[in-house]
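protein.pdb (PDB, C-alpha atoms and all ligand atoms) appears below.
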```pdb
ATOM      1  CA  MET A  30       0.000   0.000   0.000
ATOM      2  CA  THR A  31       1.372   3.379  -0.936
ATOM      3  CA  VAL A  32       1.410   6.154   1.581
ATOM      4  CA  ARG A  33      -0.609   9.114   0.510
ATOM      5  CA  SER A  34       1.449  12.288   0.364
ATOM      6  CA  SER A  35      -0.011  15.481   1.700
ATOM      7  CA  SER A  36      -2.286  17.057  -0.877
ATOM      8  CA  GLN A  37      -1.836  20.474   0.626
ATOM      9  CA  GLY A  38       0.917  22.728   1.809
ATOM     10  CA  ILE A  39       4.663  22.523   1.642
ATOM     11  CA  LEU A  40       4.758  18.704   1.971
ATOM     12  CA  SER A  41       2.681  18.134  -1.182
ATOM     13  CA  ASP A  42       4.271  16.655  -4.308
ATOM     14  CA  GLU A  43       3.639  19.759  -6.339
ATOM     15  CA  ASN A  44       5.707  21.839  -3.900
ATOM     16  CA  ALA A  45       8.839  19.695  -4.223
ATOM     17  CA  GLU A  46      10.795  22.440  -5.940
ATOM     18  CA  LYS A  47       9.820  25.072  -3.385
ATOM     19  CA  ARG A  48      10.737  22.644  -0.630
ATOM     20  CA  GLN A  49      14.198  22.276  -2.108
ATOM     21  CA  GLU A  50      14.647  26.026  -2.143
ATOM     22  CA  ILE A  51      13.621  26.271   1.525
ATOM     23  CA  ILE A  52      15.911  23.375   2.491
ATOM     24  CA  GLU A  53      18.850  25.230   0.968
ATOM     25  CA  LEU A  54      18.109  28.345   3.032
ATOM     26  CA  LEU A  55      17.619  26.215   6.151
ATOM     27  CA  THR A  56      20.941  24.476   5.529
ATOM     28  CA  LYS A  57      22.718  27.828   5.326
ATOM     29  CA  ALA A  58      20.970  28.879   8.546
ATOM     30  CA  TYR A  59      22.065  25.618  10.182
ATOM     31  CA  TRP A  60      25.720  26.233   9.271
ATOM     32  CA  MET A  61      25.509  29.837  10.464
ATOM     33  CA  GLU A  62      24.284  28.654  13.855
ATOM     34  CA  ILE A  63      26.982  25.973  14.080
ATOM     35  CA  GLU A  64      29.715  28.458  13.258
ATOM     36  CA  THR A  65      28.268  30.933  15.752
ATOM     37  CA  VAL A  66      28.449  28.253  18.446
ATOM     38  CA  MET A  67      32.157  27.726  17.631
ATOM     39  CA  SER A  68      32.886  31.457  17.609
ATOM     40  CA  TYR A  69      30.970  32.136  20.817
ATOM     41  CA  ILE A  70      32.705  29.300  22.663
ATOM     42  CA  ALA A  71      36.116  30.753  21.742
ATOM     43  CA  ASN A  72      35.046  34.315  22.524
ATOM     44  CA  SER A  73      33.470  33.323  25.843
ATOM     45  CA  ILE A  74      36.766  31.864  27.016
ATOM     46  CA  ASN A  75      39.542  33.961  25.444
ATOM     47  CA  PRO A  76      38.799  37.484  26.766
ATOM     48  CA  ASP A  77      40.908  38.906  29.613
ATOM     49  CA  GLY A  78      40.317  41.856  31.911
ATOM     50  CA  VAL A  79      37.829  43.142  34.456
ATOM     51  CA  ARG A  80      35.363  44.254  31.782
ATOM     52  CA  ALA A  81      35.396  40.928  29.988
ATOM     53  CA  GLN A  82      33.226  39.127  32.526
ATOM     54  CA  GLU A  83      29.862  40.471  31.371
ATOM     55  CA  ILE A  84      30.644  39.560  27.748
ATOM     56  CA  ILE A  85      31.817  36.097  28.768
ATOM     57  CA  GLU A  86      28.647  35.347  30.727
ATOM     58  CA  SER A  87      26.451  36.760  28.004
ATOM     59  CA  LEU A  88      28.104  34.625  25.311
ATOM     60  CA  GLN A  89      27.916  31.528  27.522
ATOM     61  CA  ARG A  90      24.135  31.937  27.639
ATOM     62  CA  ASP A  91      23.929  32.588  23.904
ATOM     63  CA  ILE A  92      25.867  29.413  23.044
ATOM     64  CA  GLN A  93      23.021  27.292  24.391
ATOM     65  CA  GLU A  94      20.435  29.298  22.450
ATOM     66  CA  GLU A  95      22.396  29.154  19.192
ATOM     67  CA  LEU A  96      22.852  25.408  19.620
ATOM     68  CA  GLY A  97      19.092  25.102  20.080
ATOM     69  CA  HIS A  98      18.586  27.100  16.880
ATOM     70  CA  ALA A  99      20.909  24.753  14.967
ATOM     71  CA  GLN A 100      18.866  21.796  16.194
ATOM     72  CA  MET A 101      15.599  23.468  15.195
ATOM     73  CA  PHE A 102      16.834  24.245  11.674
ATOM     74  CA  ALA A 103      18.176  20.692  11.324
ATOM     75  CA  THR A 104      14.873  19.180  12.448
ATOM     76  CA  ARG A 105      12.971  21.296   9.952
ATOM     77  CA  ILE A 106      15.315  20.186   7.135
ATOM     78  CA  LYS A 107      14.371  16.583   7.899
ATOM     79  CA  GLU A 108      10.657  17.353   8.137
ATOM     80  CA  LEU A 109      10.841  18.823   4.627
ATOM     81  CA  TYR A 110      12.343  15.493   3.403
ATOM     82  CA  GLY A 111      15.873  16.874   3.326
ATOM     83  CA  VAL A 112      19.015  15.469   4.935
ATOM     84  CA  VAL A 113      21.054  17.355   7.526
ATOM     85  CA  PRO A 114      24.542  17.693   5.963
ATOM     86  CA  GLY A 115      27.697  16.183   7.385
ATOM     87  CA  SER A 116      30.579  18.225   8.734
ATOM     88  CA  LEU A 117      32.632  17.880   5.524
ATOM     89  CA  HIS A 118      30.225  20.291   3.863
ATOM     90  CA  PHE A 119      30.985  23.031   6.355
ATOM     91  CA  THR A 120      32.695  26.210   5.178
ATOM     92  CA  ALA A 121      33.666  28.864   7.715
ATOM     93  CA  GLU A 122      32.684  32.480   7.017
ATOM     94  CA  GLN A 123      32.970  34.408  10.292
ATOM     95  CA  SER A 124      36.305  36.151   9.659
ATOM     96  CA  TYR A 125      35.166  38.969  11.976
ATOM     97  CA  LEU A 126      34.844  36.659  14.995
ATOM     98  CA  GLN A 127      38.380  35.319  15.006
ATOM     99  CA  PRO A 128      40.327  35.918  18.233
ATOM    100  CA  PRO A 129      41.700  39.474  18.410
ATOM    101  CA  GLN A 130      45.414  40.168  18.646
ATOM    102  CA  HIS A 131      45.035  41.155  22.308
ATOM    103  CA  GLN A 132      42.572  39.243  24.459
ATOM    104  CA  THR A 133      41.640  42.444  26.319
ATOM    105  CA  ASP A 134      40.184  43.792  23.048
ATOM    106  CA  ILE A 135      36.555  43.433  24.084
ATOM    107  CA  VAL A 136      35.334  45.901  21.463
ATOM    108  CA  HIS A 137      36.545  43.530  18.742
ATOM    109  CA  VAL A 138      34.418  40.752  20.238
ATOM    110  CA  ILE A 139      31.371  42.993  20.646
ATOM    111  CA  ARG A 140      31.596  44.186  17.040
ATOM    112  CA  GLY A 141      32.041  40.608  15.835
ATOM    113  CA  VAL A 142      28.953  39.437  17.700
ATOM    114  CA  ILE A 143      26.900  42.315  16.286
ATOM    115  CA  GLU A 144      28.106  41.362  12.794
ATOM    116  CA  ALA A 145      27.161  37.696  13.303
ATOM    117  CA  GLU A 146      23.720  38.561  14.690
ATOM    118  CA  THR A 147      23.106  41.027  11.859
ATOM    119  CA  GLY A 148      23.955  38.348   9.294
ATOM    120  CA  ALA A 149      21.549  35.941  10.966
ATOM    121  CA  ILE A 150      18.816  38.583  11.117
ATOM    122  CA  GLU A 151      19.207  39.303   7.389
ATOM    123  CA  HIS A 152      19.152  35.633   6.416
ATOM    124  CA  TYR A 153      16.177  34.785   8.645
ATOM    125  CA  ASN A 154      14.198  37.695   7.263
ATOM    126  CA  ARG A 155      14.823  36.174   3.830
ATOM    127  CA  ILE A 156      13.484  32.795   5.016
ATOM    128  CA  ILE A 157      10.418  34.432   6.550
ATOM    129  CA  GLU A 158       9.675  36.251   3.284
ATOM    130  CA  LEU A 159      10.279  33.222   1.078
ATOM    131  CA  THR A 160       8.058  30.948   3.164
ATOM    132  CA  ASP A 161       5.198  33.422   3.391
ATOM    133  CA  GLY A 162       1.954  31.759   2.368
ATOM    134  CA  ILE A 163       3.831  28.588   1.457
ATOM    135  CA  ASP A 164       5.416  27.071   4.552
ATOM    136  CA  TRP A 165       3.830  28.453   7.690
ATOM    137  CA  VAL A 166       5.671  26.131  10.064
ATOM    138  CA  THR A 167       9.156  27.121   8.858
ATOM    139  CA  GLN A 168       8.043  30.730   8.896
ATOM    140  CA  ASP A 169       6.699  30.529  12.451
ATOM    141  CA  MET A 170       9.824  28.764  13.709
ATOM    142  CA  THR A 171      12.128  31.254  12.000
ATOM    143  CA  ILE A 172      10.204  34.229  13.416
ATOM    144  CA  THR A 173      10.778  32.841  16.908
ATOM    145  CA  ILE A 174      14.498  32.400  16.205
ATOM    146  CA  LEU A 175      14.678  35.872  14.640
ATOM    147  CA  HIS A 176      13.275  37.265  17.880
ATOM    148  CA  ASP A 177      16.180  35.680  19.795
ATOM    149  CA  GLU A 178      18.759  37.116  17.369
ATOM    150  CA  GLU A 179      17.263  40.607  17.586
ATOM    151  CA  GLY A 180      17.532  40.333  21.363
ATOM    152  CA  HIS A 181      21.168  39.229  21.114
ATOM    153  CA  ARG A 182      22.050  42.083  18.791
ATOM    154  CA  ARG A 183      20.307  44.673  20.947
ATOM    155  CA  LEU A 184      22.176  43.484  24.022
ATOM    156  CA  PHE A 185      25.556  43.782  22.318
ATOM    157  CA  GLU A 186      24.653  47.151  20.803
ATOM    158  CA  GLY A 187      24.173  48.273  24.395
ATOM    159  CA  TYR A 188      27.616  46.990  25.336
ATOM    160  CA  LEU A 189      29.132  48.821  22.366
ATOM    161  CA  ARG A 190      27.330  52.033  23.315
ATOM    162  CA  GLU A 191      29.036  52.003  26.700
ATOM    163  CA  TYR A 192      32.458  51.868  25.037
ATOM    164  CA  GLN A 193      31.440  54.546  22.519
ATOM    165  CA  VAL A 194      30.337  56.920  25.283
ATOM    166  CA  GLU A 195      33.762  56.560  26.841
ATOM    167  CA  GLY A 196      35.473  57.087  23.487
ATOM    168  CA  LEU A 197      36.851  53.546  23.475
ATOM    169  CA  ALA A 198      35.001  52.360  20.382
TER     170      ALA A 198
HETATM  171 FE    FE A 201      20.893  31.705  16.478
HETATM  172 FE    FE A 202      22.171  34.989  18.196
END
```

Could you express the structure from this file as structure tokens?
Amino acid sequence: MTVRSSSQGILSDENAEKRQEIIELLTKAYWMEIETVMSYIANSINPDGVRAQEIIESLQRDIQEELGHAQMFATRIKELYGVVPGSLHFTAEQSYLQPPQHQTDIVHVIRGVIEAETGAIEHYNRIIELTDGIDWVTQDMTITILHDEEGHRRLFEGYLREYQVEGLA
């Protein structure tokens, strides 16, 4: 007996091509989250100095959230009949979140985090637009994740503001 495929929505046969397009965006989002986890681990451990503590604790919290995002994107890839890629397909892109020359350079870390969050916000807005009226579940999930990223960016913009006020950034 053959299993009936969904006659409606993103899981229907006629939406196979659209599904593929969404899977590609989700895969990029998955890699972005994975790389962010790597970068945030390094940047939550490397910084030195009295002012580094707040950034360290903040990034430690974010690591768990970003990991959760990666798992959500991966799960959605599977639900859309895709396959979560293996590590050999990973290509690093976060040049701006490499360790600074001096580990007391907190501004470098703050700017890097803002850059990473901005990239995520831009990509997730793209997913939300592309899935509109076509894949409500991916859209809903991505809106929730976008909310987290906007919160992360706002927090680090606040950190940067403090340094700017003091003429240090
Ligand atoms: Fe994230
Ligand atoms: Fe984030």

Please report as a Markdown table every residue of chain A lying within 9 Å of ligand FE 201 (chain A), along with the nearest atom pair and their distance in Å (one decimal), using only C-alpha atoms and all ligand atoms.
```
| residue | atom | partner | partner_atom | distance |
| --- | --- | --- | --- | --- |
| A:Ala58 | CA | A:FE201 | FE | 8.4 |
| A:Tyr59 | CA | A:FE201 | FE | 8.8 |
| A:Met61 | CA | A:FE201 | FE | 7.8 |
| A:Glu62 | CA | A:FE201 | FE | 5.3 |
| A:Ile63 | CA | A:FE201 | FE | 8.7 |
| A:Thr65 | CA | A:FE201 | FE | 7.5 |
| A:Val66 | CA | A:FE201 | FE | 8.5 |
| A:Asp91 | CA | A:FE201 | FE | 8.1 |
| A:Ile92 | CA | A:FE201 | FE | 8.6 |
| A:Glu94 | CA | A:FE201 | FE | 6.5 |
| A:Glu95 | CA | A:FE201 | FE | 4.0 |
| A:Leu96 | CA | A:FE201 | FE | 7.3 |
| A:Gly97 | CA | A:FE201 | FE | 7.7 |
| A:His98 | CA | A:FE201 | FE | 5.2 |
| A:Ala99 | CA | A:FE201 | FE | 7.1 |
| A:Glu146 | CA | A:FE201 | FE | 7.6 |
| A:Ala149 | CA | A:FE201 | FE | 7.0 |
| A:Ile150 | CA | A:FE201 | FE | 9.0 |
| A:Ile174 | CA | A:FE201 | FE | 6.4 |
| A:Leu175 | CA | A:FE201 | FE | 7.7 |
| A:Asp177 | CA | A:FE201 | FE | 7.0 |
| A:Glu178 | CA | A:FE201 | FE | 5.9 |
| A:His181 | CA | A:FE201 | FE | 8.8 |
```

Distance in Å - atom CA of A:Ser68 versus atom CA of A:Val142: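 Rounded to one decimal, the two atoms are 8.9 Å apart.
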
Expand the PyMOL selection byres (((chain A and resi 183-185) around 12) and not hetatm) into the individual residues it matches in the shown file, reporting them as a ChimeraX atom specification. /A:83-85,87-88,91,135-147,150,176-182,186-192

Please identify all polymer residues within 10 Å of A:Met170, counting only C-alpha atoms, omitting same-chain residues fewer than 5 positions from it, and present them as a PyMOL selection string. chain A and resi 98+101-102+105+157+165+175

Take the PyMOL selection byres (((chain A and resi 73) around 8) and not hetatm), run it mentally on this structure, and tell me the resulting residues as a PyMOL selection string. chain A and resi 69-72+74-76+84-86+88-89

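When only C-alpha atoms and all ligand atoms are used to compute distances to ligand FE 202 (chain A), the closest of the residues A:Glu122, A:Glu46, A:Gln82, A:Gln93 turns out to be A:Gln93.
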
Near A:Leu55, within 12 Å and counting only C-alpha atoms, which residues show up once chain neighbours fewer than 5 positions away are dropped, as an MDAnalysis selection string? chainID A and resid 48:50 60:62 98:109 111:114 149 152:153 155:157 159:160 167:168 170:171

Looking at only C-alpha atoms and all ligand atoms, which of A:Gly115, A:Gly78, A:Pro129, A:Gly148 is the one that sits closest to ligand FE 202 (chain A)?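 Closest residue, counting only C-alpha atoms and all ligand atoms: A:Gly148.
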
Some atoms are missing, so please complete stretch 133-144 of chain A with all heavy atoms and return it as an mmCIF file, in the frame of the given file.
```cif
data_model
loop_
_atom_site.group_PDB
_atom_site.id
_atom_site.type_symbol
_atom_site.label_atom_id
_atom_site.label_comp_id
_atom_site.auth_asym_id
_atom_site.auth_seq_id
_atom_site.Cartn_x
_atom_site.Cartn_y
_atom_site.Cartn_z
ATOM 1 N N THR A 133 42.377 41.406 25.592
ATOM 2 C CA THR A 133 41.640 42.444 26.319
ATOM 3 C C THR A 133 40.818 43.308 25.354
ATOM 4 O O THR A 133 40.108 44.212 25.788
ATOM 5 C CB THR A 133 42.616 43.366 27.087
ATOM 6 O OG1 THR A 133 43.634 43.790 26.177
ATOM 7 C CG2 THR A 133 43.256 42.630 28.257
ATOM 8 N N ASP A 134 40.912 43.004 24.061
ATOM 9 C CA ASP A 134 40.184 43.792 23.048
ATOM 10 C C ASP A 134 38.727 43.344 22.993
ATOM 11 O O ASP A 134 38.313 42.594 22.101
ATOM 12 C CB ASP A 134 40.873 43.622 21.681
ATOM 13 C CG ASP A 134 40.293 44.562 20.630
ATOM 14 O OD1 ASP A 134 39.312 45.282 20.941
ATOM 15 O OD2 ASP A 134 40.812 44.562 19.493
ATOM 16 N N ILE A 135 37.963 43.827 23.956
ATOM 17 C CA ILE A 135 36.555 43.433 24.084
ATOM 18 C C ILE A 135 35.705 44.039 22.969
ATOM 19 O O ILE A 135 34.741 43.428 22.497
ATOM 20 C CB ILE A 135 36.007 43.871 25.468
ATOM 21 C CG1 ILE A 135 36.880 43.288 26.594
ATOM 22 C CG2 ILE A 135 34.557 43.431 25.650
ATOM 23 C CD1 ILE A 135 37.026 41.795 26.572
ATOM 24 N N VAL A 136 36.095 45.234 22.526
ATOM 25 C CA VAL A 136 35.334 45.901 21.463
ATOM 26 C C VAL A 136 35.334 45.052 20.190
ATOM 27 O O VAL A 136 34.320 44.950 19.494
ATOM 28 C CB VAL A 136 35.889 47.319 21.188
ATOM 29 C CG1 VAL A 136 35.256 47.929 19.947
ATOM 30 C CG2 VAL A 136 35.647 48.218 22.397
ATOM 31 N N HIS A 137 36.450 44.413 19.909
ATOM 32 C CA HIS A 137 36.545 43.530 18.742
ATOM 33 C C HIS A 137 35.495 42.412 18.846
ATOM 34 O O HIS A 137 34.811 42.089 17.868
ATOM 35 C CB HIS A 137 37.961 42.933 18.671
ATOM 36 C CG HIS A 137 38.111 41.836 17.654
ATOM 37 N ND1 HIS A 137 38.470 42.073 16.346
ATOM 38 C CD2 HIS A 137 37.926 40.489 17.759
ATOM 39 C CE1 HIS A 137 38.506 40.915 15.686
ATOM 40 N NE2 HIS A 137 38.188 39.946 16.526
ATOM 41 N N VAL A 138 35.382 41.840 20.028
ATOM 42 C CA VAL A 138 34.418 40.752 20.238
ATOM 43 C C VAL A 138 32.987 41.272 20.092
ATOM 44 O O VAL A 138 32.157 40.661 19.409
ATOM 45 C CB VAL A 138 34.623 40.108 21.636
ATOM 46 C CG1 VAL A 138 33.554 39.061 21.906
ATOM 47 C CG2 VAL A 138 36.020 39.500 21.745
ATOM 48 N N ILE A 139 32.728 42.419 20.705
ATOM 49 C CA ILE A 139 31.371 42.993 20.646
ATOM 50 C C ILE A 139 30.976 43.276 19.194
ATOM 51 O O ILE A 139 29.878 42.915 18.754
ATOM 52 C CB ILE A 139 31.285 44.295 21.488
ATOM 53 C CG1 ILE A 139 31.496 43.959 22.973
ATOM 54 C CG2 ILE A 139 29.941 44.989 21.274
ATOM 55 C CD1 ILE A 139 31.646 45.191 23.859
ATOM 56 N N ARG A 140 31.876 43.895 18.453
ATOM 57 C CA ARG A 140 31.596 44.186 17.040
ATOM 58 C C ARG A 140 31.373 42.900 16.234
ATOM 59 O O ARG A 140 30.504 42.837 15.370
ATOM 60 C CB ARG A 140 32.744 44.982 16.413
ATOM 61 C CG ARG A 140 32.798 46.433 16.840
ATOM 62 C CD ARG A 140 33.741 47.213 15.913
ATOM 63 N NE ARG A 140 34.105 48.509 16.458
ATOM 64 C CZ ARG A 140 33.298 49.578 16.446
ATOM 65 N NH1 ARG A 140 32.098 49.475 15.908
ATOM 66 N NH2 ARG A 140 33.697 50.720 16.962
ATOM 67 N N GLY A 141 32.179 41.889 16.527
ATOM 68 C CA GLY A 141 32.041 40.608 15.835
ATOM 69 C C GLY A 141 30.692 39.957 16.098
ATOM 70 O O GLY A 141 30.055 39.418 15.182
ATOM 71 N N VAL A 142 30.254 40.016 17.341
ATOM 72 C CA VAL A 142 28.953 39.437 17.700
ATOM 73 C C VAL A 142 27.834 40.184 16.981
ATOM 74 O O VAL A 142 26.914 39.567 16.416
ATOM 75 C CB VAL A 142 28.746 39.461 19.239
ATOM 76 C CG1 VAL A 142 27.304 39.109 19.597
ATOM 77 C CG2 VAL A 142 29.715 38.502 19.924
ATOM 78 N N ILE A 143 27.925 41.517 16.969
ATOM 79 C CA ILE A 143 26.900 42.315 16.286
ATOM 80 C C ILE A 143 26.851 41.944 14.802
ATOM 81 O O ILE A 143 25.772 41.789 14.212
ATOM 82 C CB ILE A 143 27.149 43.834 16.482
ATOM 83 C CG1 ILE A 143 26.915 44.201 17.953
ATOM 84 C CG2 ILE A 143 26.257 44.660 15.563
ATOM 85 C CD1 ILE A 143 27.323 45.623 18.318
ATOM 86 N N GLU A 144 28.021 41.757 14.206
ATOM 87 C CA GLU A 144 28.106 41.362 12.794
ATOM 88 C C GLU A 144 27.444 39.991 12.563
ATOM 89 O O GLU A 144 26.657 39.811 11.622
ATOM 90 C CB GLU A 144 29.580 41.323 12.374
ATOM 91 C CG GLU A 144 29.852 40.939 10.937
ATOM 92 C CD GLU A 144 29.524 42.056 9.952
ATOM 93 O OE1 GLU A 144 29.689 43.226 10.309
ATOM 94 O OE2 GLU A 144 29.109 41.731 8.821
#
```
